[in-house]
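J.: Structure: structure15.pdb, PDB, C-alpha atoms and all ligand atoms.
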ATOM      1  CA  MET A   1      96.870  65.470 142.829  1.00  0.00           C
ATOM      2  CA  SER A   2      99.299  68.213 143.672  1.00  0.00           C
ATOM      3  CA  THR A   3     101.700  66.922 140.985  1.00  0.00           C
ATOM      4  CA  SER A   4      99.506  68.477 138.292  1.00  0.00           C
ATOM      5  CA  ARG A   5      99.879  71.991 139.752  1.00  0.00           C
ATOM      6  CA  PRO A   6     103.300  72.815 138.303  1.00  0.00           C
ATOM      7  CA  HIS A   7     101.940  71.871 134.903  1.00  0.00           C
ATOM      8  CA  GLN A   8      99.008  74.246 135.245  1.00  0.00           C
ATOM      9  CA  ILE A   9     101.228  77.081 136.416  1.00  0.00           C
ATOM     10  CA  ALA A  10     103.612  76.559 133.535  1.00  0.00           C
ATOM     11  CA  LEU A  11     100.697  76.571 131.088  1.00  0.00           C
ATOM     12  CA  ALA A  12      99.365  79.767 132.628  1.00  0.00           C
ATOM     13  CA  VAL A  13     102.766  81.429 132.220  1.00  0.00           C
ATOM     14  CA  VAL A  14     102.968  80.366 128.578  1.00  0.00           C
ATOM     15  CA  LEU A  15      99.472  81.659 127.874  1.00  0.00           C
ATOM     16  CA  ALA A  16     100.184  84.930 129.651  1.00  0.00           C
ATOM     17  CA  SER A  17     103.344  85.501 127.635  1.00  0.00           C
ATOM     18  CA  LEU A  18     101.537  84.641 124.392  1.00  0.00           C
ATOM     19  CA  ILE A  19      98.803  87.156 125.185  1.00  0.00           C
ATOM     20  CA  ALA A  20     101.403  89.734 126.161  1.00  0.00           C
ATOM     21  CA  GLY A  21     103.251  89.033 122.937  1.00  0.00           C
ATOM     22  CA  CYS A  22     100.109  89.677 120.919  1.00  0.00           C
ATOM     23  CA  GLY A  23      99.608  92.955 122.738  1.00  0.00           C
ATOM     24  CA  VAL A  24     103.109  94.062 121.790  1.00  0.00           C
ATOM     25  CA  ASP A  25     102.681  93.053 118.144  1.00  0.00           C
ATOM     26  CA  ASP A  26      99.385  94.837 117.563  1.00  0.00           C
ATOM     27  CA  PRO A  27     100.739  98.415 117.449  1.00  0.00           C
ATOM     28  CA  VAL A  28     103.338  97.324 114.895  1.00  0.00           C
ATOM     29  CA  ALA A  29     100.655  95.748 112.718  1.00  0.00           C
ATOM     30  CA  SER A  30      98.513  98.873 112.780  1.00  0.00           C
ATOM     31  CA  ASP A  31     101.561 101.015 111.945  1.00  0.00           C
ATOM     32  CA  ARG A  32     102.101  98.906 108.834  1.00  0.00           C
ATOM     33  CA  THR A  33      98.460  99.323 107.905  1.00  0.00           C
ATOM     34  CA  ALA A  34      98.773 103.063 108.301  1.00  0.00           C
ATOM     35  CA  THR A  35     101.648 103.278 105.818  1.00  0.00           C
ATOM     36  CA  SER A  36     100.110 100.986 103.196  1.00  0.00           C
ATOM     37  CA  PRO A  37      98.143 103.695 101.285  1.00  0.00           C
ATOM     38  CA  THR A  38     101.415 105.157  99.998  1.00  0.00           C
ATOM     39  CA  ASN A  39     102.344 101.733  98.652  1.00  0.00           C
ATOM     40  CA  THR A  40      99.160 101.505  96.622  1.00  0.00           C
ATOM     41  CA  THR A  41     100.152 104.579  94.599  1.00  0.00           C
ATOM     42  CA  VAL A  42     102.953 102.702  92.847  1.00  0.00           C
ATOM     43  CA  PRO A  43     102.030 102.636  89.148  1.00  0.00           C
ATOM     44  CA  THR A  44     101.768  99.243  87.537  1.00  0.00           C
ATOM     45  CA  ALA A  45     101.827  97.913  84.001  1.00  0.00           C
ATOM     46  CA  THR A  46     101.770  94.552  82.286  1.00  0.00           C
ATOM     47  CA  LEU A  47     103.971  93.348  79.455  1.00  0.00           C
ATOM     48  CA  GLU A  48     102.584  90.250  77.788  1.00  0.00           C
ATOM     49  CA  ILE A  49     104.600  87.655  75.974  1.00  0.00           C
ATOM     50  CA  ALA A  50     102.571  85.564  73.524  1.00  0.00           C
ATOM     51  CA  ASP A  51     103.463  83.459  70.489  1.00  0.00           C
ATOM     52  CA  PHE A  52     107.162  84.208  70.915  1.00  0.00           C
ATOM     53  CA  ALA A  53     106.660  87.964  70.794  1.00  0.00           C
ATOM     54  CA  PHE A  54     106.619  90.776  73.322  1.00  0.00           C
ATOM     55  CA  GLY A  55     103.449  92.850  73.393  1.00  0.00           C
ATOM     56  CA  GLU A  56     103.362  96.613  73.211  1.00  0.00           C
ATOM     57  CA  ILE A  57     104.157  98.531  76.363  1.00  0.00           C
ATOM     58  CA  GLY A  58     103.715 102.283  76.400  1.00  0.00           C
ATOM     59  CA  PRO A  59     105.938 104.903  77.987  1.00  0.00           C
ATOM     60  CA  LEU A  60     105.984 104.316  81.738  1.00  0.00           C
ATOM     61  CA  ALA A  61     106.841 106.488  84.688  1.00  0.00           C
ATOM     62  CA  ALA A  62     110.054 105.625  86.488  1.00  0.00           C
ATOM     63  CA  GLY A  63     109.316 103.290  89.360  1.00  0.00           C
ATOM     64  CA  THR A  64     106.472 101.499  87.595  1.00  0.00           C
ATOM     65  CA  LEU A  65     106.044  97.938  88.759  1.00  0.00           C
ATOM     66  CA  ILE A  66     105.953  95.884  85.566  1.00  0.00           C
ATOM     67  CA  THR A  67     104.450  92.412  85.499  1.00  0.00           C
ATOM     68  CA  VAL A  68     105.877  90.361  82.656  1.00  0.00           C
ATOM     69  CA  ASP A  69     103.206  87.805  81.874  1.00  0.00           C
ATOM     70  CA  ASN A  70     104.406  84.855  79.816  1.00  0.00           C
ATOM     71  CA  LEU A  71     101.404  83.341  78.061  1.00  0.00           C
ATOM     72  CA  ASP A  72     103.551  80.892  76.113  1.00  0.00           C
ATOM     73  CA  GLY A  73     104.140  77.324  77.198  1.00  0.00           C
ATOM     74  CA  VAL A  74     107.910  77.784  77.138  1.00  0.00           C
ATOM     75  CA  GLY A  75     110.241  79.983  79.145  1.00  0.00           C
ATOM     76  CA  HIS A  76     111.483  83.412  78.074  1.00  0.00           C
ATOM     77  CA  THR A  77     113.660  86.151  79.486  1.00  0.00           C
ATOM     78  CA  PHE A  78     113.156  89.933  79.669  1.00  0.00           C
ATOM     79  CA  THR A  79     116.655  91.214  79.136  1.00  0.00           C
ATOM     80  CA  ALA A  80     117.918  94.713  78.390  1.00  0.00           C
ATOM     81  CA  VAL A  81     120.362  94.933  75.495  1.00  0.00           C
ATOM     82  CA  ASP A  82     122.530  97.283  77.568  1.00  0.00           C
ATOM     83  CA  GLY A  83     122.353  94.968  80.567  1.00  0.00           C
ATOM     84  CA  SER A  84     120.539  97.485  82.770  1.00  0.00           C
ATOM     85  CA  PHE A  85     117.846  94.987  83.693  1.00  0.00           C
ATOM     86  CA  ASP A  86     117.275  91.277  83.304  1.00  0.00           C
ATOM     87  CA  ILE A  87     114.622  88.813  84.302  1.00  0.00           C
ATOM     88  CA  ALA A  88     116.774  85.803  83.598  1.00  0.00           C
ATOM     89  CA  PHE A  89     113.914  83.326  83.261  1.00  0.00           C
ATOM     90  CA  ILE A  90     110.143  83.498  83.200  1.00  0.00           C
ATOM     91  CA  GLU A  91     108.792  79.982  83.056  1.00  0.00           C
ATOM     92  CA  GLY A  92     106.057  78.990  80.641  1.00  0.00           C
ATOM     93  CA  LYS A  93     102.660  80.271  81.772  1.00  0.00           C
ATOM     94  CA  GLY A  94     104.486  82.139  84.522  1.00  0.00           C
ATOM     95  CA  ARG A  95     104.922  85.767  85.416  1.00  0.00           C
ATOM     96  CA  GLN A  96     107.513  87.848  87.169  1.00  0.00           C
ATOM     97  CA  MET A  97     107.673  91.444  88.289  1.00  0.00           C
ATOM     98  CA  ILE A  98     110.356  94.062  87.909  1.00  0.00           C
ATOM     99  CA  THR A  99     110.554  97.762  88.742  1.00  0.00           C
ATOM    100  CA  LEU A 100     112.435  99.994  86.314  1.00  0.00           C
ATOM    101  CA  ASP A 101     113.662 103.160  88.015  1.00  0.00           C
ATOM    102  CA  THR A 102     116.090 104.603  85.483  1.00  0.00           C
ATOM    103  CA  PRO A 103     114.608 106.938  82.846  1.00  0.00           C
ATOM    104  CA  GLY A 104     115.529 106.272  79.235  1.00  0.00           C
ATOM    105  CA  THR A 105     114.627 104.198  76.221  1.00  0.00           C
ATOM    106  CA  PHE A 106     115.758 100.620  76.462  1.00  0.00           C
ATOM    107  CA  GLU A 107     115.842  97.896  73.857  1.00  0.00           C
ATOM    108  CA  PHE A 108     115.219  94.454  75.238  1.00  0.00           C
ATOM    109  CA  PHE A 109     115.129  90.898  73.963  1.00  0.00           C
ATOM    110  CA  CYS A 110     114.688  87.307  75.035  1.00  0.00           C
ATOM    111  CA  ASN A 111     118.024  85.752  75.775  1.00  0.00           C
ATOM    112  CA  ILE A 112     116.735  82.326  74.690  1.00  0.00           C
ATOM    113  CA  HIS A 113     115.005  83.460  71.481  1.00  0.00           C
ATOM    114  CA  ALA A 114     117.044  86.430  70.284  1.00  0.00           C
ATOM    115  CA  PHE A 115     114.512  87.266  67.554  1.00  0.00           C
ATOM    116  CA  MET A 116     112.122  88.383  70.297  1.00  0.00           C
ATOM    117  CA  THR A 117     112.786  92.089  70.749  1.00  0.00           C
ATOM    118  CA  GLY A 118     111.059  95.189  72.014  1.00  0.00           C
ATOM    119  CA  THR A 119     111.570  98.721  73.272  1.00  0.00           C
ATOM    120  CA  ILE A 120     110.446 100.345  76.489  1.00  0.00           C
ATOM    121  CA  THR A 121     110.599 104.004  77.449  1.00  0.00           C
ATOM    122  CA  ILE A 122     110.847 105.023  81.079  1.00  0.00           C
ATOM    123  CA  ALA A 123     109.966 108.669  81.700  1.00  0.00           C
ATOM    124  CA  PRO A 124     111.346 110.604  84.658  1.00  0.00           C
ATOM    125  CA  VAL A 125     108.876 111.328  87.458  1.00  0.00           C
ATOM    126  CA  GLY A 126     107.974 114.943  88.157  1.00  0.00           C
TER     127      GLY A 126
HETATM  128 CU    CU B 201     112.067  83.482  74.572  1.00  0.00          CU
END
Do you think you could lay out the structure here as structure tokens?

T.:
Amino acid sequence: MSTSRPHQIALAVVLASLIAGCGVDDPVASDRTATSPTNTTVPTATLEIADFAFGEIGPLAAGTLITVDNLDGVGHTFTAVDGSFDIAFIEGKGRQMITLDTPGTFEFFCNIHAFMTGTITIAPVG
């Protein structure tokens, strides 16, 4: 009978430390929630790839989060001619994201199908 007591005490200690752990974590979680509104102000844009061609993408503000959406069944890359950015592989029907922070006009191409080209302009913020 009394042999089960140490078990119960150990369980109680584990539960108490788990509950205490949750109490410590909660303020951190609410801090993260409090800072999230600033994250939602990041501008976003989508660049589609379809039929072995890049779609149009207008001038974007520096820091825009760009989703490159590959609608083709084969892989492509999103590669700057000057090497300033490179998504080395976007699988067929896949998508990847990249943030371009440096203002300027950049020519890009697909490193697998070099005939796929485009131009993107990144405008300075402010
Ligand atoms: Cu390609």

J.: When the PyMOL selection byres (((chain A and resi 123) around 8) and not hetatm) is applied to the structure above, which residues does it catch, written out as a PyMOL selection string?

T.: chain A and resi 59-62+103-104+121-122+124-125

J.: Check which residues fall inside 10 Å of ligand CU 201 (chain B) when counting only C-alpha atoms and all ligand atoms, and print them as a list in words.

T.: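 Final answer, ordered by chain and number: Ile49, Ala50, Asp51, Phe52, Ala53, Phe54, Asn70, Asp72, Val74, Gly75, His76, Thr77, Phe78, Phe89, Ile90, Glu91, Gly92, Phe109, Cys110, Asn111, Ile112, His113, Ala114, Phe115, Met116 and Thr117 of chain A.
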
J.: Could you check which of A:Asp69, A:Thr102, A:Gln96, A:Leu47 is closest to Ser84 (chain A), using only C-alpha atoms?

T.: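 Once distances to Ser84 (chain A) are computed over only C-alpha atoms, the minimum belongs to A:Thr102.
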
J.: Calculated over all atoms listed in the file, which of the candidates A:Val81, A:Val42, A:Ile57, A:Leu71 has the smallest distance to Ile120 (chain A)?

T.: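 Comparing A:Val81, A:Val42, A:Ile57, A:Leu71 against Ile120 (chain A), the winner is A:Ile57.
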
J.: Using the chain letters and numbers from the file, give me the residues hit by the PyMOL selection byres (((chain A and resi 97) around 7) and not hetatm), as a ChimeraX atom specification.

T.: /A:65-68,95-96,98-99

J.: Only C-alpha atoms, please: the residues just picked out, written as a tab-separated table (two decimals), in the coordinates of the input.

T.:
chain	number	residue	atom	x	y	z
A	65	LEU	CA	106.04	97.94	88.76
A	66	ILE	CA	105.95	95.88	85.57
A	67	THR	CA	104.45	92.41	85.50
A	68	VAL	CA	105.88	90.36	82.66
A	95	ARG	CA	104.92	85.77	85.42
A	96	GLN	CA	107.51	87.85	87.17
A	98	ILE	CA	110.36	94.06	87.91
A	99	THR	CA	110.55	97.76	88.74

J.: Which is closer to Thr41 (chain A) than all the others in A:Gly58, A:Gly126, A:Gly63, A:Gly94, using all atoms listed in the file?

T.: A:Gly63
